[in-house]
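J.: Take this structure first; my questions come after.
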Amino acid sequence: MIEFDNVTKVYSDGTVAIEDINFEVEEGTTTVLVGPSGCGKTTTMKLVNRLIDPTDGTVYFDGTDITEMDEIELRRDIGYVIQEIGLFDHMTVAENVGTVPNLKGWDDNRIRERVHELLDLMALPAEEYANQHPTELSGGQRQRVGVARALAADPDVMLMDEPFGALDPITREELQDEFLDIQSELDVTILFVTHDMEEALKMGDRIAIFDVGELVQYDTPQNILETPENDFVRDFIGQDRELMKLQVTPVENVMRETDDTSVPDVEPVSPSDTAHIALSRLLETDDDRLPVAKNGRVVGVVEESDLQGTSDPTRRSV
């Protein structure tokens, strides 16, 4: 879907923002670009919608060199969410969400249906919020509108530049969880920029870790936690690697498969839940085992000992 081929960006003052970047973003996945301030992650993202162009190398969009594409049309086909949100205060919520479809010439009925669909998806019922203005909304609600606007023209690609960074921790976590819930309903490829490693691990199918313009490691969250490329990656992850492993390891990787019906009568976890959720649930109960259920049927159990050393993906049988 998106490929960076030996891409370098040098600004007019001689600053080398990124150098010889090579990686590919697979269709339908979320790739998170993470690293400290000034590492080149936002520069890399802005190359995709041609807010800036590379000095050397090529960025491909569906196999086409993006410098050969009309930059205005390209931007209208790519959703863009930024930390500052950038809503138009003089326009209603519905008008904000419908901005790009209107620019693309959609008819009024089609725009109205799409706006209502997205507001409902973002837990902002259209009958209540469509005619409000951004100044009447909370920070979390404004960010939801920003995401809806980015999705309005049904883009193939969405760019998200620290979209939840300005929110308080509770609202930020709520929006992260909501976005993960609706992501399965979206047929969209996402590039997501953050400086927060925990957010990167939570949101990304793959993570690109940058340091002073260099792509240091590009891999899945679990592989990055298990095998950091170097000391920089290890230090950037921090001291909580084992806890972070719990947050990215699905229960199905550590559960004990069973069809035993004599499992504890407590609320089960799903195979797709994280090991961290399972451990929290275990600590809330008096039982030493937790059932794992799929489609209403118990398919396994998980014990606290199973959640230690979660890097071993081998399933065991009871």
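Naming works like this for the structure tokens: A, B, ... for the chains as they're shown, residue 1 at the start of each chain, ligands 1 onward in shown order.
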What's around Gly35 (chain A) at 10 Å? Count only C-alpha atoms, leave out sequence neighbours fewer than 2 positions away in its own chain, and write the answer as an MDAnalysis selection string.
T.: chainID A and resid 32:33 37:42 193:197 200 208:213 215:216 233 236
J.: With only C-alpha atoms as the atoms that count, which of A:Leu51, A:Thr171, A:Pro268, A:Thr29 lies nearest to Ser184 (chain A)?
T.: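 Closest candidate: A:Thr29.
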J.: For the structure I just gave you, how does DSSP split region 163-280 of chain A - specifically, which residues are strand (DSSP E or B)? Reply as a list in words.
T.: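 Going through region 163-280 of chain A, the strand (DSSP E or B) residues come out as Thr189, Ile190, Leu191, Phe192, Val193, Thr194, Arg206, Ile207, Ala208, Ile209, Phe210, Asp211, Glu214, Leu215, Val216, Gln217, Tyr218, Asp219, Pro250, Arg256, Glu257, Val269 and Thr274 of chain A.
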J.: Once you have the residues from the selection above, write them out as a PDB file, in the first residue's frame, restricted to N, CA and C atoms.
T.:
```pdb
ATOM      1  N   THR A 189      -5.949   1.797   5.832  1.00  0.00           N
ATOM      2  CA  THR A 189      -4.559   1.645   6.246  1.00  0.00           C
ATOM      3  C   THR A 189      -4.169   2.889   7.041  1.00  0.00           C
ATOM      4  N   ILE A 190      -3.577   2.686   8.222  1.00  0.00           N
ATOM      5  CA  ILE A 190      -3.346   3.804   9.135  1.00  0.00           C
ATOM      6  C   ILE A 190      -1.864   3.956   9.449  1.00  0.00           C
ATOM      7  N   LEU A 191      -1.374   5.204   9.360  1.00  0.00           N
ATOM      8  CA  LEU A 191      -0.083   5.596   9.908  1.00  0.00           C
ATOM      9  C   LEU A 191      -0.356   6.480  11.111  1.00  0.00           C
ATOM     10  N   PHE A 192       0.236   6.125  12.227  1.00  0.00           N
ATOM     11  CA  PHE A 192      -0.092   6.742  13.515  1.00  0.00           C
ATOM     12  C   PHE A 192       1.213   7.194  14.166  1.00  0.00           C
ATOM     13  N   VAL A 193       1.341   8.478  14.455  1.00  0.00           N
ATOM     14  CA  VAL A 193       2.560   9.020  15.075  1.00  0.00           C
ATOM     15  C   VAL A 193       2.335   9.241  16.566  1.00  0.00           C
ATOM     16  N   THR A 194       3.303   8.823  17.372  1.00  0.00           N
ATOM     17  CA  THR A 194       3.266   9.093  18.806  1.00  0.00           C
ATOM     18  C   THR A 194       4.689   9.101  19.341  1.00  0.00           C
ATOM     19  N   ARG A 206       2.225  -2.994  13.534  1.00  0.00           N
ATOM     20  CA  ARG A 206       3.676  -2.927  13.416  1.00  0.00           C
ATOM     21  C   ARG A 206       4.133  -1.563  13.913  1.00  0.00           C
ATOM     22  N   ILE A 207       5.372  -1.516  14.388  1.00  0.00           N
ATOM     23  CA  ILE A 207       5.914  -0.294  14.962  1.00  0.00           C
ATOM     24  C   ILE A 207       7.241   0.033  14.292  1.00  0.00           C
ATOM     25  N   ALA A 208       7.386   1.303  13.876  1.00  0.00           N
ATOM     26  CA  ALA A 208       8.645   1.809  13.324  1.00  0.00           C
ATOM     27  C   ALA A 208       9.254   2.732  14.372  1.00  0.00           C
ATOM     28  N   ILE A 209      10.412   2.357  14.907  1.00  0.00           N
ATOM     29  CA  ILE A 209      11.073   3.149  15.947  1.00  0.00           C
ATOM     30  C   ILE A 209      12.181   3.981  15.310  1.00  0.00           C
ATOM     31  N   PHE A 210      12.097   5.310  15.513  1.00  0.00           N
ATOM     32  CA  PHE A 210      13.038   6.247  14.916  1.00  0.00           C
ATOM     33  C   PHE A 210      13.967   6.836  15.969  1.00  0.00           C
ATOM     34  N   ASP A 211      15.186   7.157  15.542  1.00  0.00           N
ATOM     35  CA  ASP A 211      16.134   7.892  16.366  1.00  0.00           C
ATOM     36  C   ASP A 211      16.979   8.784  15.466  1.00  0.00           C
ATOM     37  N   GLU A 214      16.925   8.120  11.768  1.00  0.00           N
ATOM     38  CA  GLU A 214      17.209   6.741  11.354  1.00  0.00           C
ATOM     39  C   GLU A 214      16.083   5.823  11.804  1.00  0.00           C
ATOM     40  N   LEU A 215      15.657   4.932  10.917  1.00  0.00           N
ATOM     41  CA  LEU A 215      14.709   3.887  11.295  1.00  0.00           C
ATOM     42  C   LEU A 215      15.492   2.768  11.967  1.00  0.00           C
ATOM     43  N   VAL A 216      15.329   2.645  13.271  1.00  0.00           N
ATOM     44  CA  VAL A 216      16.155   1.726  14.061  1.00  0.00           C
ATOM     45  C   VAL A 216      15.597   0.309  14.047  1.00  0.00           C
ATOM     46  N   GLN A 217      14.256   0.187  14.154  1.00  0.00           N
ATOM     47  CA  GLN A 217      13.644  -1.145  14.164  1.00  0.00           C
ATOM     48  C   GLN A 217      12.216  -1.034  13.649  1.00  0.00           C
ATOM     49  N   TYR A 218      11.822  -2.013  12.823  1.00  0.00           N
ATOM     50  CA  TYR A 218      10.473  -2.066  12.278  1.00  0.00           C
ATOM     51  C   TYR A 218       9.975  -3.490  12.434  1.00  0.00           C
ATOM     52  N   ASP A 219       9.002  -3.687  13.328  1.00  0.00           N
ATOM     53  CA  ASP A 219       8.590  -5.052  13.639  1.00  0.00           C
ATOM     54  C   ASP A 219       7.250  -5.020  14.361  1.00  0.00           C
ATOM     55  N   PRO A 250      -1.894 -11.962  23.369  1.00  0.00           N
ATOM     56  CA  PRO A 250      -3.279 -12.436  23.476  1.00  0.00           C
ATOM     57  C   PRO A 250      -3.374 -13.668  24.370  1.00  0.00           C
ATOM     58  N   ARG A 256      -4.417 -22.660  28.438  1.00  0.00           N
ATOM     59  CA  ARG A 256      -4.373 -24.126  28.364  1.00  0.00           C
ATOM     60  C   ARG A 256      -5.681 -24.597  27.727  1.00  0.00           C
ATOM     61  N   GLU A 257      -5.586 -25.239  26.588  1.00  0.00           N
ATOM     62  CA  GLU A 257      -6.791 -25.672  25.883  1.00  0.00           C
ATOM     63  C   GLU A 257      -7.480 -26.786  26.662  1.00  0.00           C
ATOM     64  N   VAL A 269     -12.620 -14.699  30.019  1.00  0.00           N
ATOM     65  CA  VAL A 269     -11.960 -13.801  29.077  1.00  0.00           C
ATOM     66  C   VAL A 269     -12.057 -14.429  27.699  1.00  0.00           C
ATOM     67  N   THR A 274      -6.102  -9.469  26.077  1.00  0.00           N
ATOM     68  CA  THR A 274      -4.676  -9.492  26.395  1.00  0.00           C
ATOM     69  C   THR A 274      -4.431 -10.250  27.699  1.00  0.00           C
TER      70      THR A 274
END
```
J.: Take CA of Glu226 (chain A) and CA of Val25 (chain A) and report the distance between them in Å, one decimal.
T.: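 CA of Val25 (chain A) lies at a distance of 21.6 Å from CA of Glu226 (chain A).
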J.: How many Å separate CA of Pro271 (chain A) from CA of Gly296 (chain A)?
T.: 11.8 Å
J.: For Asn6 (chain A), find every residue with an atom within 7 Å (counting only C-alpha atoms), except residues of its own chain fewer than 4 positions away, and show them as a PyMOL selection string.
T.: chain A and resi 20-22+57-58
J.: Using only C-alpha atoms, which residue out of A:Met1, A:Leu151, A:Met244, A:Leu159 lies closest to Glu185 (chain A)?
T.: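 Using only C-alpha atoms, the shortest distance to Glu185 (chain A) belongs to A:Leu151.
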J.: Name the residues in contact with Phe4 (chain A) at a cut-off of 12 Å, using only C-alpha atoms, excluding same-chain residues fewer than 6 positions from it; report them as a list in words.
T.: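 The contact residues come out as Ile18, Glu19, Asp20, Ile21, Asn22, Phe23, Glu24, Val25, Glu26, Thr44, Met45, Leu47, Val48, Pro54, Asp56, Gly57, Thr58, Val59, Tyr60, Phe61, Asp62, Gly63, Thr64, Asp65, Ile66 and Leu215 of chain A.
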J.: Would you mind exporting N, CA, C and O atoms of the selected residues as an mmCIF file, in the first residue's frame?
T.:
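New file part20.cif:
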```cif
data_model
loop_
_atom_site.group_PDB
_atom_site.id
_atom_site.type_symbol
_atom_site.label_atom_id
_atom_site.label_comp_id
_atom_site.auth_asym_id
_atom_site.auth_seq_id
_atom_site.Cartn_x
_atom_site.Cartn_y
_atom_site.Cartn_z
ATOM 1 N N ILE A 18 15.338 12.809 7.966
ATOM 2 C CA ILE A 18 15.402 11.348 7.872
ATOM 3 C C ILE A 18 16.410 10.992 6.782
ATOM 4 O O ILE A 18 16.637 11.771 5.852
ATOM 5 N N GLU A 19 16.991 9.808 6.900
ATOM 6 C CA GLU A 19 18.022 9.418 5.935
ATOM 7 C C GLU A 19 17.902 7.932 5.603
ATOM 8 O O GLU A 19 17.897 7.084 6.501
ATOM 9 N N ASP A 20 17.771 7.650 4.312
ATOM 10 C CA ASP A 20 17.731 6.272 3.802
ATOM 11 C C ASP A 20 16.717 5.404 4.533
ATOM 12 O O ASP A 20 17.033 4.325 5.040
ATOM 13 N N ILE A 21 15.473 5.890 4.568
ATOM 14 C CA ILE A 21 14.395 5.161 5.239
ATOM 15 C C ILE A 21 13.804 4.145 4.270
ATOM 16 O O ILE A 21 13.438 4.474 3.140
ATOM 17 N N ASN A 22 13.678 2.894 4.739
ATOM 18 C CA ASN A 22 13.098 1.827 3.932
ATOM 19 C C ASN A 22 12.122 1.011 4.785
ATOM 20 O O ASN A 22 12.526 0.395 5.772
ATOM 21 N N PHE A 23 10.851 1.056 4.429
ATOM 22 C CA PHE A 23 9.881 0.134 5.031
ATOM 23 C C PHE A 23 8.592 0.186 4.239
ATOM 24 O O PHE A 23 8.369 1.108 3.442
ATOM 25 N N GLU A 24 7.750 -0.813 4.445
ATOM 26 C CA GLU A 24 6.492 -0.920 3.705
ATOM 27 C C GLU A 24 5.335 -1.089 4.673
ATOM 28 O O GLU A 24 5.414 -1.875 5.624
ATOM 29 N N VAL A 25 4.272 -0.332 4.436
ATOM 30 C CA VAL A 25 3.063 -0.410 5.248
ATOM 31 C C VAL A 25 2.056 -1.269 4.514
ATOM 32 O O VAL A 25 1.654 -0.951 3.393
ATOM 33 N N GLU A 26 1.654 -2.371 5.136
ATOM 34 C CA GLU A 26 0.734 -3.296 4.482
ATOM 35 C C GLU A 26 -0.700 -2.776 4.526
ATOM 36 O O GLU A 26 -1.109 -2.111 5.477
ATOM 37 N N THR A 44 8.284 11.846 8.258
ATOM 38 C CA THR A 44 7.980 10.643 7.482
ATOM 39 C C THR A 44 6.501 10.589 7.122
ATOM 40 O O THR A 44 6.123 10.292 5.986
ATOM 41 N N MET A 45 5.635 10.901 8.091
ATOM 42 C CA MET A 45 4.201 10.884 7.828
ATOM 43 C C MET A 45 3.810 11.937 6.795
ATOM 44 O O MET A 45 3.015 11.670 5.877
ATOM 45 N N LEU A 47 5.340 13.053 4.362
ATOM 46 C CA LEU A 47 5.721 12.692 2.997
ATOM 47 C C LEU A 47 4.590 11.974 2.276
ATOM 48 O O LEU A 47 4.486 12.037 1.051
ATOM 49 N N VAL A 48 3.732 11.293 3.043
ATOM 50 C CA VAL A 48 2.699 10.464 2.436
ATOM 51 C C VAL A 48 1.639 11.305 1.736
ATOM 52 O O VAL A 48 1.162 10.955 0.653
ATOM 53 N N PRO A 54 10.215 14.320 -0.634
ATOM 54 C CA PRO A 54 11.548 13.820 -0.284
ATOM 55 C C PRO A 54 12.643 14.528 -1.061
ATOM 56 O O PRO A 54 12.429 14.994 -2.183
ATOM 57 N N ASP A 56 15.603 12.818 -1.547
ATOM 58 C CA ASP A 56 16.036 11.658 -2.334
ATOM 59 C C ASP A 56 15.133 10.484 -2.015
ATOM 60 O O ASP A 56 14.484 10.437 -0.969
ATOM 61 N N GLY A 57 15.126 9.500 -2.917
ATOM 62 C CA GLY A 57 14.315 8.322 -2.712
ATOM 63 C C GLY A 57 12.885 8.528 -3.173
ATOM 64 O O GLY A 57 12.517 9.592 -3.678
ATOM 65 N N THR A 58 12.069 7.495 -2.960
ATOM 66 C CA THR A 58 10.707 7.509 -3.497
ATOM 67 C C THR A 58 9.717 6.966 -2.470
ATOM 68 O O THR A 58 9.998 5.978 -1.790
ATOM 69 N N VAL A 59 8.590 7.645 -2.378
ATOM 70 C CA VAL A 59 7.459 7.131 -1.601
ATOM 71 C C VAL A 59 6.412 6.664 -2.603
ATOM 72 O O VAL A 59 5.993 7.421 -3.487
ATOM 73 N N TYR A 60 5.999 5.392 -2.475
ATOM 74 C CA TYR A 60 5.015 4.813 -3.395
ATOM 75 C C TYR A 60 3.664 4.667 -2.688
ATOM 76 O O TYR A 60 3.594 4.255 -1.532
ATOM 77 N N PHE A 61 2.611 5.008 -3.422
ATOM 78 C CA PHE A 61 1.230 4.825 -2.962
ATOM 79 C C PHE A 61 0.563 3.879 -3.945
ATOM 80 O O PHE A 61 0.333 4.241 -5.097
ATOM 81 N N ASP A 62 0.289 2.657 -3.500
ATOM 82 C CA ASP A 62 -0.270 1.631 -4.395
ATOM 83 C C ASP A 62 0.588 1.461 -5.650
ATOM 84 O O ASP A 62 0.069 1.344 -6.770
ATOM 85 N N GLY A 63 1.906 1.509 -5.476
ATOM 86 C CA GLY A 63 2.829 1.273 -6.572
ATOM 87 C C GLY A 63 3.157 2.479 -7.420
ATOM 88 O O GLY A 63 3.988 2.397 -8.329
ATOM 89 N N THR A 64 2.527 3.633 -7.125
ATOM 90 C CA THR A 64 2.772 4.850 -7.895
ATOM 91 C C THR A 64 3.618 5.826 -7.089
ATOM 92 O O THR A 64 3.334 6.072 -5.903
ATOM 93 N N ASP A 65 4.633 6.381 -7.701
ATOM 94 C CA ASP A 65 5.438 7.434 -7.089
ATOM 95 C C ASP A 65 4.521 8.616 -6.775
ATOM 96 O O ASP A 65 3.892 9.181 -7.676
ATOM 97 N N ILE A 66 4.424 9.004 -5.498
ATOM 98 C CA ILE A 66 3.429 10.015 -5.139
ATOM 99 C C ILE A 66 3.769 11.393 -5.713
ATOM 100 O O ILE A 66 2.877 12.234 -5.823
ATOM 101 N N LEU A 215 15.657 4.932 10.917
ATOM 102 C CA LEU A 215 14.709 3.887 11.295
ATOM 103 C C LEU A 215 15.492 2.768 11.967
ATOM 104 O O LEU A 215 16.241 2.041 11.317
#
```
J.: Taking into account only C-alpha atoms, which residue in the set A:Val248, A:Met158, A:Met203, A:Leu87 is nearest to Gln222 (chain A)?
T.: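 Among A:Val248, A:Met158, A:Met203, A:Leu87, it is A:Val248 that comes nearest to Gln222 (chain A).
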J.: Could you tell me how far CA of Ile182 (chain A) sits from CA of Val266 (chain A), in Å to one decimal place?
T.: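 CA of Ile182 (chain A) lies at a distance of 27.4 Å from CA of Val266 (chain A).
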J.: Which of these residues is nearest to Val145 (chain A), using only C-alpha atoms: A:Met160, A:Ala293, A:Ala17, A:Met122?
T.: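 Closest residue, counting only C-alpha atoms: A:Met122.
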J.: I'd like to know which residues of region 9-189 of chain A are alpha helix (DSSP H) (by DSSP, run on the backbone); could you write them as an NGL selection string?
T.: :A and (41-48 or 71-76 or 93-97 or 99-103 or 108-121 or 126-129 or 139-151 or 169-183)
J.: I need the residue nearest Glu242 (chain A) from this list: A:Ala275, A:Ala94, A:Val298, A:Ala153. Use only C-alpha atoms for the distance.
T.: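 Checking each candidate against Glu242 (chain A), we get A:Ala275 as the closest.
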J.: Measuring between only C-alpha atoms, which one of A:Glu136, A:Asp77, A:Asp205, A:Glu68 shows the shortest distance to Pro155 (chain A)?
T.: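 Closest to Pro155 (chain A) of all the choices is A:Asp77.
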